[in-house]
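What follows is coords.cif (mmCIF, C-alpha atoms and all ligand atoms).
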```cif
data_run
#
loop_
_atom_site.label_atom_id
_atom_site.label_comp_id
_atom_site.auth_asym_id
_atom_site.auth_seq_id
_atom_site.Cartn_x
_atom_site.Cartn_y
_atom_site.Cartn_z
CA MET E 1 -24.12 53.35 -56.04
CA THR E 2 -21.15 54.88 -54.21
CA LYS E 3 -18.98 52.13 -52.83
CA SER E 4 -17.72 52.17 -49.23
CA LEU E 5 -14.09 52.93 -49.96
CA THR E 6 -14.10 55.61 -47.31
CA LYS E 7 -14.25 55.39 -43.57
CA PHE E 8 -17.87 56.56 -43.55
CA THR E 9 -20.85 55.32 -45.51
CA LYS E 10 -23.91 57.41 -46.27
CA LEU E 11 -27.33 55.82 -45.99
CA SER E 12 -30.29 56.70 -48.24
CA ASN E 13 -31.62 59.18 -45.66
CA GLY E 14 -28.28 61.01 -45.48
CA VAL E 15 -27.17 59.50 -42.14
CA GLU E 16 -23.46 58.67 -42.15
CA MET E 17 -22.05 55.68 -40.34
CA PRO E 18 -18.53 54.34 -39.86
CA THR E 19 -17.98 51.77 -42.61
CA VAL E 20 -16.23 49.31 -40.30
CA GLY E 21 -18.23 48.41 -37.21
CA PHE E 22 -17.43 46.31 -34.18
CA GLY E 23 -19.42 43.10 -33.64
CA THR E 24 -20.32 42.30 -30.05
CA TRP E 25 -21.91 38.86 -30.34
CA GLN E 26 -20.35 36.27 -28.02
CA ILE E 27 -17.97 38.63 -26.27
CA PRO E 28 -18.17 36.95 -22.86
CA LEU E 29 -20.46 38.85 -20.50
CA ASN E 30 -17.93 38.94 -17.67
CA GLU E 31 -15.71 41.55 -16.00
CA ASN E 32 -13.67 41.86 -19.22
CA PHE E 33 -16.57 42.89 -21.44
CA LYS E 34 -16.33 46.60 -20.74
CA SER E 35 -12.54 46.70 -21.07
CA THR E 36 -12.80 44.96 -24.47
CA ILE E 37 -15.21 47.66 -25.64
CA GLN E 38 -13.14 50.43 -24.03
CA THR E 39 -10.04 49.25 -25.86
CA ALA E 40 -11.94 49.24 -29.14
CA ILE E 41 -13.17 52.78 -28.44
CA GLN E 42 -9.61 53.92 -27.71
CA LEU E 43 -8.46 52.42 -31.01
CA GLY E 44 -11.10 54.46 -32.81
CA TYR E 45 -14.16 52.21 -33.18
CA ARG E 46 -17.38 54.21 -32.92
CA HIS E 47 -19.86 51.89 -34.65
CA PHE E 48 -21.01 49.01 -32.42
CA ASP E 49 -23.34 46.21 -33.46
CA THR E 50 -25.47 44.95 -30.58
CA ALA E 51 -28.77 43.11 -30.33
CA GLN E 52 -31.56 42.42 -27.88
CA ILE E 53 -30.61 38.70 -27.87
CA TYR E 54 -26.91 39.40 -27.11
CA ASN E 55 -27.93 40.51 -23.59
CA ASN E 56 -25.09 43.03 -23.52
CA SER E 57 -26.99 46.31 -23.74
CA VAL E 58 -26.48 47.29 -20.08
CA LEU E 59 -22.71 46.74 -20.27
CA MET E 60 -22.50 48.42 -23.68
CA GLY E 61 -24.30 51.49 -22.39
CA GLU E 62 -21.95 51.68 -19.39
CA ALA E 63 -18.87 51.32 -21.60
CA ILE E 64 -20.06 54.15 -23.84
CA ARG E 65 -20.79 56.48 -20.93
CA GLU E 66 -17.56 55.65 -19.11
CA SER E 67 -15.52 56.41 -22.26
CA GLY E 68 -16.20 60.12 -21.76
CA ILE E 69 -16.69 60.48 -25.52
CA PRO E 70 -19.85 62.37 -26.52
CA ARG E 71 -22.72 60.06 -27.34
CA SER E 72 -23.15 61.82 -30.70
CA GLU E 73 -19.83 60.39 -31.89
CA PHE E 74 -21.10 56.81 -31.58
CA PHE E 75 -23.17 54.81 -34.01
CA ILE E 76 -25.08 52.20 -32.01
CA THR E 77 -27.10 49.45 -33.67
CA SER E 78 -29.53 47.11 -31.98
CA LYS E 79 -31.77 44.40 -33.37
CA VAL E 80 -35.19 43.18 -32.36
CA TRP E 81 -35.19 39.45 -31.70
CA ALA E 82 -37.61 36.82 -33.06
CA SER E 83 -39.44 36.73 -29.70
CA HIS E 84 -40.66 40.29 -30.33
CA ARG E 85 -42.12 40.20 -33.81
CA SER E 86 -45.24 42.27 -34.58
CA TYR E 87 -46.11 45.91 -33.89
CA GLU E 88 -46.61 45.93 -30.09
CA SER E 89 -43.80 43.49 -29.29
CA ALA E 90 -41.29 45.32 -31.46
CA LYS E 91 -42.03 48.57 -29.66
CA GLU E 92 -41.58 46.81 -26.31
CA ALA E 93 -38.27 45.32 -27.46
CA PHE E 94 -37.01 48.71 -28.58
CA GLU E 95 -37.93 50.29 -25.26
CA GLN E 96 -36.21 47.43 -23.43
CA VAL E 97 -32.87 47.84 -25.25
CA ARG E 98 -33.01 51.63 -25.17
CA THR E 99 -33.58 51.56 -21.41
CA GLN E 100 -30.78 49.04 -20.92
CA LEU E 101 -28.39 51.09 -23.04
CA GLN E 102 -29.63 54.26 -21.31
CA LEU E 103 -29.63 56.12 -24.59
CA ASP E 104 -32.14 58.69 -25.77
CA TYR E 105 -32.01 57.33 -29.30
CA LEU E 106 -30.43 54.50 -31.29
CA ASP E 107 -28.59 55.05 -34.55
CA LEU E 108 -29.84 51.94 -36.30
CA LEU E 109 -32.57 49.43 -35.44
CA LEU E 110 -32.84 46.16 -37.37
CA ILE E 111 -35.30 43.27 -37.53
CA HIS E 112 -32.84 40.52 -36.53
CA TRP E 113 -34.36 37.71 -38.64
CA PRO E 114 -37.43 37.73 -40.86
CA ALA E 115 -40.45 35.75 -39.79
CA SER E 116 -40.48 33.32 -42.70
CA GLN E 117 -41.95 29.98 -41.81
CA GLY E 118 -45.45 28.52 -42.04
CA GLU E 119 -48.26 30.33 -43.83
CA PRO E 120 -46.91 33.21 -45.94
CA MET E 121 -49.91 35.40 -45.03
CA VAL E 122 -49.04 35.02 -41.36
CA TRP E 123 -45.29 35.64 -41.48
CA GLN E 124 -45.63 38.46 -43.95
CA ALA E 125 -48.12 40.18 -41.64
CA GLN E 126 -45.72 39.73 -38.70
CA ASN E 127 -42.87 41.35 -40.59
CA ALA E 128 -45.16 44.15 -41.74
CA GLY E 129 -46.30 44.79 -38.15
CA THR E 130 -42.73 44.93 -36.88
CA TRP E 131 -41.83 47.28 -39.70
CA ARG E 132 -44.76 49.60 -38.95
CA ALA E 133 -43.42 49.94 -35.40
CA PHE E 134 -39.96 50.72 -36.79
CA GLU E 135 -41.39 53.37 -39.10
CA GLU E 136 -43.07 55.07 -36.15
CA LEU E 137 -39.90 54.96 -34.04
CA TYR E 138 -38.05 56.53 -36.94
CA LYS E 139 -40.64 59.26 -37.46
CA ASP E 140 -40.61 59.96 -33.71
CA GLY E 141 -36.86 60.55 -33.86
CA LEU E 142 -36.04 57.62 -31.57
CA VAL E 143 -33.88 55.89 -34.21
CA ARG E 144 -31.82 57.61 -36.89
CA ALA E 145 -32.11 54.74 -39.37
CA ILE E 146 -34.07 51.51 -39.67
CA GLY E 147 -33.39 48.29 -41.49
CA VAL E 148 -33.52 44.54 -41.60
CA ALA E 149 -31.12 41.63 -41.24
CA ASN E 150 -31.11 38.28 -42.98
CA PHE E 151 -33.88 39.33 -45.37
CA LEU E 152 -33.60 37.61 -48.74
CA PRO E 153 -35.44 38.94 -51.81
CA HIS E 154 -38.53 36.82 -51.13
CA HIS E 155 -38.77 38.36 -47.63
CA LEU E 156 -38.13 41.88 -48.91
CA VAL E 157 -40.73 41.86 -51.69
CA PRO E 158 -43.78 41.58 -49.38
CA LEU E 159 -42.20 43.93 -46.84
CA LEU E 160 -41.54 46.60 -49.45
CA ALA E 161 -45.07 46.23 -50.83
CA ARG E 162 -46.47 47.43 -47.49
CA ALA E 163 -43.66 49.68 -46.29
CA LYS E 164 -43.92 53.46 -46.28
CA ILE E 165 -40.18 53.73 -45.64
CA THR E 166 -37.70 51.50 -47.46
CA PRO E 167 -35.16 49.88 -45.09
CA MET E 168 -31.87 51.74 -45.18
CA VAL E 169 -29.76 48.69 -44.32
CA ASN E 170 -29.83 44.93 -44.80
CA GLN E 171 -27.36 43.06 -42.59
CA LEU E 172 -26.41 39.73 -44.15
CA GLU E 173 -23.84 37.00 -43.62
CA CYS E 174 -21.35 37.97 -46.26
CA HIS E 175 -17.70 37.01 -46.77
CA PRO E 176 -15.49 35.25 -49.30
CA GLY E 177 -16.98 31.78 -49.50
CA TYR E 178 -20.54 32.97 -48.82
CA THR E 179 -21.28 36.17 -50.70
CA GLN E 180 -25.11 36.04 -51.03
CA ALA E 181 -24.71 37.97 -54.28
CA ALA E 182 -28.39 37.89 -55.29
CA ALA E 183 -29.59 39.25 -51.93
CA VAL E 184 -26.88 41.93 -51.89
CA ARG E 185 -27.72 43.07 -55.42
CA PHE E 186 -31.47 43.06 -54.75
CA SER E 187 -31.00 45.15 -51.58
CA GLU E 188 -28.60 47.63 -53.17
CA GLU E 189 -30.82 48.12 -56.20
CA ARG E 190 -33.53 49.28 -53.80
CA GLY E 191 -31.30 51.75 -52.00
CA MET E 192 -30.26 49.65 -49.01
CA ARG E 193 -26.66 49.50 -47.85
CA VAL E 194 -25.50 46.00 -46.90
CA GLN E 195 -23.64 45.24 -43.70
CA ALA E 196 -21.55 42.06 -43.70
CA TRP E 197 -21.92 39.94 -40.58
CA SER E 198 -19.30 37.29 -39.75
CA PRO E 199 -17.00 39.01 -42.28
CA LEU E 200 -14.17 36.71 -41.16
CA GLY E 201 -16.36 33.61 -41.34
CA ARG E 202 -16.22 33.50 -37.50
CA GLY E 203 -12.45 33.22 -37.78
CA ALA E 204 -12.59 30.28 -40.20
CA LEU E 205 -11.22 32.34 -43.10
CA ILE E 206 -8.03 33.27 -41.29
CA ARG E 207 -6.14 30.22 -42.56
CA HIS E 208 -7.83 29.92 -45.94
CA PRO E 209 -5.10 29.26 -48.58
CA HIS E 210 -6.43 31.78 -51.14
CA LEU E 211 -6.58 34.54 -48.55
CA LEU E 212 -3.13 33.59 -47.23
CA ARG E 213 -1.62 33.97 -50.70
CA ILE E 214 -3.27 37.35 -51.33
CA ALA E 215 -2.37 38.59 -47.84
CA GLU E 216 1.26 37.69 -48.40
CA ALA E 217 1.31 39.57 -51.71
CA HIS E 218 0.16 42.77 -49.96
CA GLY E 219 2.03 42.35 -46.68
CA VAL E 220 -1.23 42.34 -44.72
CA THR E 221 -3.17 39.70 -42.76
CA THR E 222 -5.91 37.40 -44.02
CA ALA E 223 -8.42 39.24 -41.83
CA GLN E 224 -7.49 42.49 -43.55
CA VAL E 225 -7.91 40.83 -46.95
CA ALA E 226 -11.42 39.60 -46.05
CA LEU E 227 -12.43 43.02 -44.69
CA ARG E 228 -10.92 44.86 -47.64
CA TRP E 229 -12.81 42.53 -49.98
CA ALA E 230 -15.99 43.61 -48.19
CA VAL E 231 -15.40 47.36 -48.48
CA GLN E 232 -14.27 47.10 -52.10
CA ASN E 233 -17.62 45.43 -52.74
CA GLY E 234 -19.51 48.29 -51.10
CA LEU E 235 -20.24 46.32 -47.92
CA MET E 236 -19.89 47.47 -44.31
CA PRO E 237 -18.16 44.72 -42.31
CA ILE E 238 -18.73 44.34 -38.56
CA PRO E 239 -15.91 42.05 -37.34
CA LYS E 240 -15.87 40.95 -33.73
CA ALA E 241 -12.48 40.84 -32.01
CA THR E 242 -11.53 40.53 -28.37
CA GLU E 243 -7.77 40.49 -28.96
CA LEU E 244 -6.13 43.90 -29.12
CA GLN E 245 -4.03 43.10 -32.18
CA HIS E 246 -7.12 41.81 -34.00
CA GLN E 247 -9.09 44.95 -33.14
CA ARG E 248 -6.24 47.13 -34.36
CA GLU E 249 -5.67 45.42 -37.69
CA ASN E 250 -9.39 45.16 -38.48
CA LEU E 251 -9.62 48.97 -38.55
CA ASP E 252 -6.47 49.33 -40.62
CA ILE E 253 -7.78 48.38 -44.05
CA PHE E 254 -7.81 51.69 -45.92
CA ASP E 255 -4.15 51.87 -46.98
CA PHE E 256 -3.98 49.01 -49.46
CA GLU E 257 -6.10 47.88 -52.36
CA LEU E 258 -6.92 44.45 -53.75
CA THR E 259 -6.64 44.18 -57.51
CA PRO E 260 -9.87 43.56 -59.48
CA GLU E 261 -8.56 40.03 -60.17
CA GLU E 262 -8.07 39.37 -56.45
CA VAL E 263 -11.54 40.69 -55.63
CA ASP E 264 -12.96 38.48 -58.34
CA GLU E 265 -11.05 35.43 -57.14
CA LEU E 266 -12.36 35.92 -53.58
CA THR E 267 -15.89 36.51 -54.84
CA ARG E 268 -15.79 33.23 -56.77
CA LEU E 269 -14.38 31.13 -53.93
CA PRO E 270 -16.30 27.87 -53.46
CA GLN E 271 -18.51 27.86 -50.37
CA ALA E 272 -16.42 28.27 -47.22
CA ALA E 273 -17.00 29.26 -43.60
CA PHE E 274 -20.80 29.37 -43.99
CA SER E 275 -22.45 29.65 -40.57
CA GLY E 276 -25.20 27.22 -41.58
CA LEU E 277 -27.82 29.80 -40.61
CA HIS E 278 -30.45 30.35 -43.30
CA PRO E 279 -33.54 32.46 -42.61
CA ASP E 280 -35.93 29.84 -43.99
CA THR E 281 -34.55 26.94 -41.95
CA VAL E 282 -33.50 28.43 -38.61
CA THR E 283 -35.76 27.40 -35.77
CA PHE E 284 -36.33 30.85 -34.29
N1 LIG M 1 -27.51 39.76 -37.94
C1 LIG M 1 -27.16 38.53 -37.60
O1 LIG M 1 -27.96 37.60 -37.67
C2 LIG M 1 -25.76 38.28 -37.13
C3 LIG M 1 -25.31 36.96 -37.01
C4 LIG M 1 -24.02 36.74 -36.58
C5 LIG M 1 -23.19 37.81 -36.27
N2 LIG M 1 -23.67 39.09 -36.37
C6 LIG M 1 -22.80 40.24 -36.00
O2 LIG M 1 -21.59 40.15 -36.75
C7 LIG M 1 -20.50 40.25 -35.86
C8 LIG M 1 -19.29 39.53 -36.40
O3 LIG M 1 -19.56 38.17 -36.66
P1 LIG M 1 -18.93 36.98 -35.80
O4 LIG M 1 -18.65 37.45 -34.43
O5 LIG M 1 -19.86 35.82 -35.97
O6 LIG M 1 -17.61 36.56 -36.58
P2 LIG M 1 -16.37 37.27 -37.28
O7 LIG M 1 -16.32 38.71 -36.96
O8 LIG M 1 -16.39 36.84 -38.70
O9 LIG M 1 -15.15 36.50 -36.58
C9 LIG M 1 -14.85 36.65 -35.22
C10 LIG M 1 -13.69 35.70 -34.90
O10 LIG M 1 -12.56 36.10 -35.66
C11 LIG M 1 -11.46 36.36 -34.80
N3 LIG M 1 -10.75 37.52 -35.32
C12 LIG M 1 -11.19 38.80 -35.37
N4 LIG M 1 -10.28 39.59 -35.94
C13 LIG M 1 -9.22 38.79 -36.26
C14 LIG M 1 -7.98 39.03 -36.85
N5 LIG M 1 -7.62 40.25 -37.26
N6 LIG M 1 -7.13 37.98 -37.01
C15 LIG M 1 -7.47 36.74 -36.61
N7 LIG M 1 -8.65 36.45 -36.04
C16 LIG M 1 -9.53 37.47 -35.86
C17 LIG M 1 -12.07 36.66 -33.45
O11 LIG M 1 -11.12 36.33 -32.46
P3 LIG M 1 -10.91 37.15 -31.09
O12 LIG M 1 -12.28 37.48 -30.55
O13 LIG M 1 -10.14 36.19 -30.26
O14 LIG M 1 -10.13 38.40 -31.37
C18 LIG M 1 -13.27 35.74 -33.45
O15 LIG M 1 -12.89 34.42 -33.12
C19 LIG M 1 -21.06 39.64 -34.56
O16 LIG M 1 -20.26 39.93 -33.43
C20 LIG M 1 -22.42 40.28 -34.53
O17 LIG M 1 -22.32 41.61 -34.04
C21 LIG M 1 -24.93 39.34 -36.80
#
```
Please lay out the structure from this file as structure tokens.
Ligand SMILES: NC(=O)c1ccc[n+]([C@@H]2O[C@H](COP(=O)([O-])OP(=O)(O)OC[C@H]3O[C@@H](n4cnc5c(N)ncnc54)[C@H](OP(=O)(O)O)[C@@H]3O)[C@@H](O)[C@H]2O)c1
Amino acid sequence: MTKSLTKFTKLSNGVEMPTVGFGTWQIPLNENFKSTIQTAIQLGYRHFDTAQIYNNSVLMGEAIRESGIPRSEFFITSKVWASHRSYESAKEAFEQVRTQLQLDYLDLLLIHWPASQGEPMVWQAQNAGTWRAFEELYKDGLVRAIGVANFLPHHLVPLLARAKITPMVNQLECHPGYTQAAAVRFSEERGMRVQAWSPLGRGALIRHPHLLRIAEAHGVTTAQVALRWAVQNGLMPIPKATELQHQRENLDIFDFELTPEEVDELTRLPQAAFSGLHPDTVTF
């Protein structure tokens, strides 16, 4: 599989997306929200990761329109929350976020978390129903790509058994200290590209001694090391940053290269900065 060493990554259906996205979870929903997004747009971000549960679709849509940049230049992701699993609910959720964003189409729609608890027959049917809705939205041209998030191999196997369209993306927590190697490999072997959520370990990796040493050797920051590790592993990181300097440096990761030994060292790091969120134990 082609690795994401370029600024754009091609999905299995030919759609291209900016390799580095901009995470929008927990950007405070106040008067500064739109200026944070506007600054990111001015710096060159075009790929924004949003979700039904983030409650920021109205503000995101306004920020995009007010930028004056053609809609076609953006790559906008949303995710259907756990409250809207199954065929009908997923369609409702999509219509809700699309109306809030005021967009004719979304670029990527993801199932935010797999249904995975209780009777397997029940949760597998829920995921299959949600996916059937996604397949229809895709065929109707309302989304350019469809995928999942937080699906581990045992969630993907039953989904793929019923799917007519293989997900194009799996969005997983993925960073040095929590690489989810088995899930990444399983997804990639089936043609999915993997997006890395919390690629900076929610900021917890910034002062990690191994990253500090590697950053110093390259004259870059620890955030850049973590993000570069992601792209050298074929992942698409979606860091969230409200600070201007953070936003700027998170995009600037294409002019240096980690050595294979450094990549390997970061891949083998003992568990660090894990969010604690696992799809089989979360309560939603
Ligand atoms: N699919 C899912 O279930 C799921 C779950 C969680 C997250 N996500 C997505 O992934 C995105 C990113 O994850 P995240 O927000 O949890 O964490 P993250 O991107 O790993 O880390 C964000 C934190 O790192 C800081 N930061 C960013 N760039 C930095 C830099 N260059 N130097 C130093 N500190 C820096 C930010 O500070 P400032 O804000 O102060 O700049 C913020 O505190 C989310 O926004 C969301 O879109 C998806």
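Atom pair CA of Phe75 in chain E / CA of Asp49 in chain E has a distance of 8.6 Å (rounded to one decimal).
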For this session: Grab the CA of Arg65 in chain E to CA of Asp104 in chain E distance for me, in Å with one decimal place.
Result: 12.5 Å
Using 6 Å as the limit and counting all atoms listed in the file, can you tabulate each residue of chain E that touches ligand LIG 1 (chain M), with its shortest atom-to-atom distance in Å and the two atoms involved, as a tab-separated table?
```
residue	atom	partner	partner_atom	distance
E:Gly23	CA	M:LIG1	O17	3.3
E:Thr24	CA	M:LIG1	O16	4.1
E:Trp25	CA	M:LIG1	O16	3.7
E:Asp49	CA	M:LIG1	O17	4.7
E:Thr50	CA	M:LIG1	O17	5.7
E:His112	CA	M:LIG1	N1	5.6
E:Ala149	CA	M:LIG1	N1	5.2
E:Gln171	CA	M:LIG1	N1	5.7
E:Trp197	CA	M:LIG1	O2	3.8
E:Ser198	CA	M:LIG1	O8	3.1
E:Pro199	CA	M:LIG1	O8	4.2
E:Leu200	CA	M:LIG1	O8	3.3
E:Gly201	CA	M:LIG1	O8	4.2
E:Arg202	CA	M:LIG1	O9	3.3
E:Gly203	CA	M:LIG1	O10	3.6
E:Ile206	CA	M:LIG1	C15	5.9
E:Ala223	CA	M:LIG1	N5	4.7
E:Ile238	CA	M:LIG1	C7	5.2
E:Pro239	CA	M:LIG1	O7	3.4
E:Lys240	CA	M:LIG1	O7	4.0
E:Ala241	CA	M:LIG1	O14	3.4
E:Thr242	CA	M:LIG1	O12	3.8
E:Glu243	CA	M:LIG1	O14	4.0
E:His246	CA	M:LIG1	N5	3.6
E:Glu249	CA	M:LIG1	N5	5.5
E:Asn250	CA	M:LIG1	N5	5.4
```
Each residue of range 163-207 of chain E lying at most 6 Å from range 251-271 of chain E should get a row with its shortest atom-to-atom pair and the distance in Å to one decimal, counting all atoms listed in the file; could you produce that, ordered by chain and increasing number, as JSON lines?
```
{"residue": "E:Pro176", "atom": "CA", "partner": "E:Leu266", "partner_atom": "CA", "distance": 5.3}
{"residue": "E:Gly177", "atom": "CA", "partner": "E:Gln271", "partner_atom": "CA", "distance": 4.3}
{"residue": "E:Tyr178", "atom": "CA", "partner": "E:Gln271", "partner_atom": "CA", "distance": 5.7}
```
For this session: Enumerate, as a PyMOL selection string, the protein, DNA and RNA residues whose atoms approach (-26.7, 49.9, -35.8) to within 8 Å, taking into account all atoms listed in the file and the coordinate frame of the file.
Result: chain E and resi 47-50+75-79+106-110
